[in-house]
Structure formats: C-alpha cells, structure tokens
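*Asks:* The structure follows.
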Amino acid sequence: MTETPKVRRAGHGDDTIYWDATKNRYVGAVSLGYAPNGKRRRPKVYGKTKTEVRQKIRDLKKELQSGVKTPANYTVADAVNEWLERGLKGRDEKGTIGKNRSMANKHLIPFIGKAKLKDLSADDVDDWLDGRAEDLATRTLRDLLAILRRSIEQAQRRDKAARNVALLVTAPEGRPGRPSKALNLQQAEAVLAAARPSRLYAYLVLSLLSGVRTEEARPLTWDHVYLETDDGTPPHVAVWRSVRKHGETKTRKSRRTIALPKQVVGVL
C-alpha cells in the first residue's frame with residue numbers, strides 16, 4: 001500500500017512554497033496579514049525552481065519594507081509613457097512634449113521598453129546607450145538618458161521603483177552634432193538688407209540684434225517696449241510672454257528685461 005506524502009502546512013504568518021501543476025511552476029505565497037475588509041493578503045510569486053521562488057520572496061519583502069510596490073509587469077515603456085503623460089503637465093504639446101515623445105518612441109522604447117523596470121540594471125542602460133552611440137549625436141544621447149532618468153524618478157514618486165539605475169550611468173560620446181545654423185555677420189546683414197521693404201523688418205531687427213527669441217517677439221506688445229524713459233533708464237524691452245502654452249516663457253529665468261541697441265530703437 002502506497003503512503004500519501006505528508007504535506008507540511010505553513011503556520012500562521014509563514015511563507016509557503018508549493019508546486020502548481022496547472023501552471024507548471026512553483027508558487028511562493030507571502031503572508032501579510034489581513035486587509036481592512038477582512039480579506040487575507042497573500043501576494044504570490046512564481047518560478048521554475050524553489051531557489052528562484054525563495055529569491056523572489058526575499059525581493060518582495062525588501063520592496064514591502066521600503067514601501068515600494070513595483071508591479072511585476074511594469075516595464076520601462078510604462079514608466080516613460082507615464083512620465084510623458086503626467087510628468088510634463090503644462091508644457092507645450094507640440095514643443096517640449098512632442099520632442100520628448102518622438103525621441104522616446106524612436107530611440108528608447110524600441111530598444112529597452114520591454115524590460116521590466118524592477119529588473120533594469122545600470123549595465124542594461126550602458127549597453128543601450130553604447131549601441132546607439134554610432135548613430136546618434138552626443139547631445140541626443142544625453143537627452144535620451146535624461147528622459148529615462150526623469151521617467152524612473154516619476155515611478156519612484158509613485159512607489160513603482162526602488163532606485164534609479166539611470167543615475168549611475170554617463171552618456172557616451174556619440175557622432176558629431178549637425179553644423180550650427182546660426183547666421184554669421186555677412187548673412188545677417190544680407191537678411192536685413194533683403195527684408196528692409198517688408199513689414200517684418202522691425203521684427204527681424206529686434207530678433208537678430210537684441211537676443212529676443214522669435215517666440216517671445218511674436219506676442220510682444222507696445223506696453224512692454226520702452227523706447228523713451230523719464231528716469232534715465234536705457235531703452236529696453238520687457239520679455240514676459242511667449243507663444244508657448246499659457247503664454248509662459250521657456251523657463252522662469254527667461255522672464256527678463258533686455259536693453260535695446262540704437263539701431264533697434266531707430267527701427268522701432
């Protein structure tokens with residue numbers, strides 16, 4: 001007569017590891033007491049071996065102790081998309097958000113987006129950036145690393161990541177960037193000469209000679225232009241607005257007062 005194997009039952013509050021034939025996996029159940037509704041809380045982890053399950057139980061307990069509850073299937077792509085959706089509120093949709101979304105969709109998500117965030121390592125990030133260094137400029141690599149860092153920071157603030165491995169990585173040197181599109185002196189003089197008959201002449205003179213961004217010059221009104229002053233203050237322009245969302249300037253420090261050269265004053 002064959003004896004039925006004895007199964008040791010876990011005591012109250014103990015962790016349990018058992019074989020689940022339907023899943024063809026070992027299952028580890030962690031006892032966390034009871035929820036406010038009286039239901040017992042026993043999150044589960046799965047693995048091919050008992051050793052793997054024990055390690056997952058230890059990792060789960062570490063997360064619980066730190067207050068971080070990283071979802072098992074939460075990926076890098078999930079973190080990046082959440083940051084794009086929630087971490088850039090108030091930013092220009094076509095400008096800042098559009099640029100970051102385009103970069104992430106082209107150069108980040110297709111390469112490491114499927115990786116589980118809890119398993120992402122600094123080596124993974126290094127390998128990803130090194131692999132893109134042959135095709136992308138150094139500035140682009142730095143921008144991509146910044147996107148990943150901010151995405152993980154967002155996940156940390158929502159207790160979905162224990163640490164930010166992207167902070168341990170430095171962007172490598174990539175391809176040389178594109179040549180500058182800035183006008184030289186001769187080109188600027190040619191533009192102004194050609195534009196003199198145009199109604200845009202004052203706009204171009206102001207933009208080229210004062211340092212006002214074109215997005216700041218377009219919404220400028222005469223209330224913010226001071227060509228003559230009673231207190232001896234030099235002619236100046238108050239740059240407080242732009243065509244960005246809600247009229248905000250690029251950064252808070254972009255709100256500034258700029259002295260105007262004589263040529264700009266004469267044209268205005």
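Chain labels run A, B, ... following the order of the structure tokens; each chain numbers its residues from 1, and ligands are numbered from 1 in the order shown.
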Can you check which residues of stretch 10-233 of chain A DSSP gives as alpha helix (DSSP H) on the backbone and send them as a PyMOL selection string?
*Replies:* chain A and resi 50-66+76-86+98-107+109-112+122-132+138-157+185-195+201-210+214-217
*Asks:* Report as a list in words all protein, DNA and RNA residues lying within 8 Å of stretch 107-110 of chain A, evaluated on only C-alpha atoms, omitting residues in the same chain fewer than 5 positions from it.
*Replies:*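 Answer for this query is Val76, Ala77, Arg132 and Leu144 of chain A.
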*Asks:* Which polymer residues have any atom within 7 Å of an atom of A:Ala29, counting only C-alpha atoms, with same-chain residues fewer than 4 positions away left out, as a VMD selection string?
*Replies:* chain A and resid 15 to 17 42 to 45
*Asks:* Please produce a file of those selected residues containing N, CA and C atoms, as a PDB file, in the first residue's frame.
*Replies:*
```
ATOM      1  N   ASP A  15       5.567  31.952   5.297  1.00  0.00           N
ATOM      2  CA  ASP A  15       5.558  31.944   3.835  1.00  0.00           C
ATOM      3  C   ASP A  15       5.431  30.502   3.360  1.00  0.00           C
ATOM      4  N   THR A  16       4.865  30.320   2.165  1.00  0.00           N
ATOM      5  CA  THR A  16       4.618  28.982   1.650  1.00  0.00           C
ATOM      6  C   THR A  16       5.165  28.851   0.237  1.00  0.00           C
ATOM      7  N   ILE A  17       5.785  27.695  -0.041  1.00  0.00           N
ATOM      8  CA  ILE A  17       6.226  27.379  -1.398  1.00  0.00           C
ATOM      9  C   ILE A  17       5.630  26.030  -1.775  1.00  0.00           C
ATOM     10  N   ARG A  42      -2.177  37.762   0.637  1.00  0.00           N
ATOM     11  CA  ARG A  42      -1.112  36.790   0.369  1.00  0.00           C
ATOM     12  C   ARG A  42      -0.647  36.939  -1.078  1.00  0.00           C
ATOM     13  N   PRO A  43       0.196  37.953  -1.366  1.00  0.00           N
ATOM     14  CA  PRO A  43       0.718  38.079  -2.723  1.00  0.00           C
ATOM     15  C   PRO A  43       1.553  36.857  -3.099  1.00  0.00           C
ATOM     16  N   LYS A  44       1.570  36.531  -4.396  1.00  0.00           N
ATOM     17  CA  LYS A  44       2.255  35.324  -4.855  1.00  0.00           C
ATOM     18  C   LYS A  44       3.326  35.655  -5.884  1.00  0.00           C
ATOM     19  N   VAL A  45       4.358  34.822  -5.889  1.00  0.00           N
ATOM     20  CA  VAL A  45       5.416  34.902  -6.896  1.00  0.00           C
ATOM     21  C   VAL A  45       5.581  33.513  -7.508  1.00  0.00           C
TER      22      VAL A  45
END
```
*Asks:* Fewer than 5 positions away in the same chain doesn't count, so skip those; otherwise give me all residues within 12 Å of stretch 204-208 of chain A, counting only C-alpha atoms, as an MDAnalysis selection string.
*Replies:* chainID A and resid 182:185 187:199 213:218 220 225 236:237 239 258:268
*Asks:* Keeping C-alpha atoms for every residue in the selection just given, could you write it to a file as an mmCIF file, in the first residue's frame?
*Replies:*
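Now in result15.cif:
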```cif
data_model
loop_
_atom_site.group_PDB
_atom_site.id
_atom_site.type_symbol
_atom_site.label_atom_id
_atom_site.label_comp_id
_atom_site.auth_asym_id
_atom_site.auth_seq_id
_atom_site.Cartn_x
_atom_site.Cartn_y
_atom_site.Cartn_z
ATOM 1 C CA ALA A 182 23.374 80.378 -36.739
ATOM 2 C CA LEU A 183 23.876 83.247 -39.193
ATOM 3 C CA ASN A 184 27.303 84.811 -39.497
ATOM 4 C CA LEU A 185 27.673 88.600 -39.736
ATOM 5 C CA GLN A 187 24.468 86.500 -43.672
ATOM 6 C CA ALA A 188 22.665 88.573 -41.039
ATOM 7 C CA GLU A 189 23.429 91.806 -42.916
ATOM 8 C CA ALA A 190 22.112 90.243 -46.142
ATOM 9 C CA VAL A 191 18.881 89.148 -44.439
ATOM 10 C CA LEU A 192 18.248 92.620 -43.016
ATOM 11 C CA ALA A 193 19.004 94.291 -46.339
ATOM 12 C CA ALA A 194 16.590 91.995 -48.173
ATOM 13 C CA ALA A 195 13.903 92.463 -45.511
ATOM 14 C CA ARG A 196 14.030 96.276 -45.379
ATOM 15 C CA PRO A 197 10.950 96.784 -47.651
ATOM 16 C CA SER A 198 8.996 94.147 -45.701
ATOM 17 C CA ARG A 199 6.543 94.780 -42.857
ATOM 18 C CA ARG A 213 13.595 84.702 -29.101
ATOM 19 C CA THR A 214 11.234 84.730 -32.071
ATOM 20 C CA GLU A 215 8.561 83.018 -29.937
ATOM 21 C CA GLU A 216 8.894 85.948 -27.488
ATOM 22 C CA ALA A 217 8.881 88.637 -30.173
ATOM 23 C CA ARG A 218 5.654 87.460 -31.817
ATOM 24 C CA LEU A 220 5.204 91.354 -27.852
ATOM 25 C CA VAL A 225 8.570 98.272 -25.189
ATOM 26 C CA HIS A 236 14.613 98.348 -23.186
ATOM 27 C CA VAL A 237 12.038 95.659 -23.796
ATOM 28 C CA VAL A 239 10.202 89.962 -22.204
ATOM 29 C CA ILE A 258 16.748 93.444 -22.366
ATOM 30 C CA ALA A 259 18.453 96.714 -23.291
ATOM 31 C CA LEU A 260 17.920 97.753 -26.908
ATOM 32 C CA PRO A 261 20.745 98.820 -29.255
ATOM 33 C CA LYS A 262 20.395 102.180 -31.047
ATOM 34 C CA GLN A 263 19.666 100.503 -34.400
ATOM 35 C CA VAL A 264 16.706 98.604 -32.896
ATOM 36 C CA VAL A 265 15.399 101.780 -31.220
ATOM 37 C CA GLY A 266 15.625 103.661 -34.527
ATOM 38 C CA VAL A 267 13.771 100.982 -36.467
ATOM 39 C CA LEU A 268 11.012 100.662 -33.855
#
```
*Asks:* When you draw a straight line from atom CA of A:Ala21 to atom CA of A:Thr51, how long is it in Å?
*Replies:*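 Distance between the two atoms: 17.6 Å.
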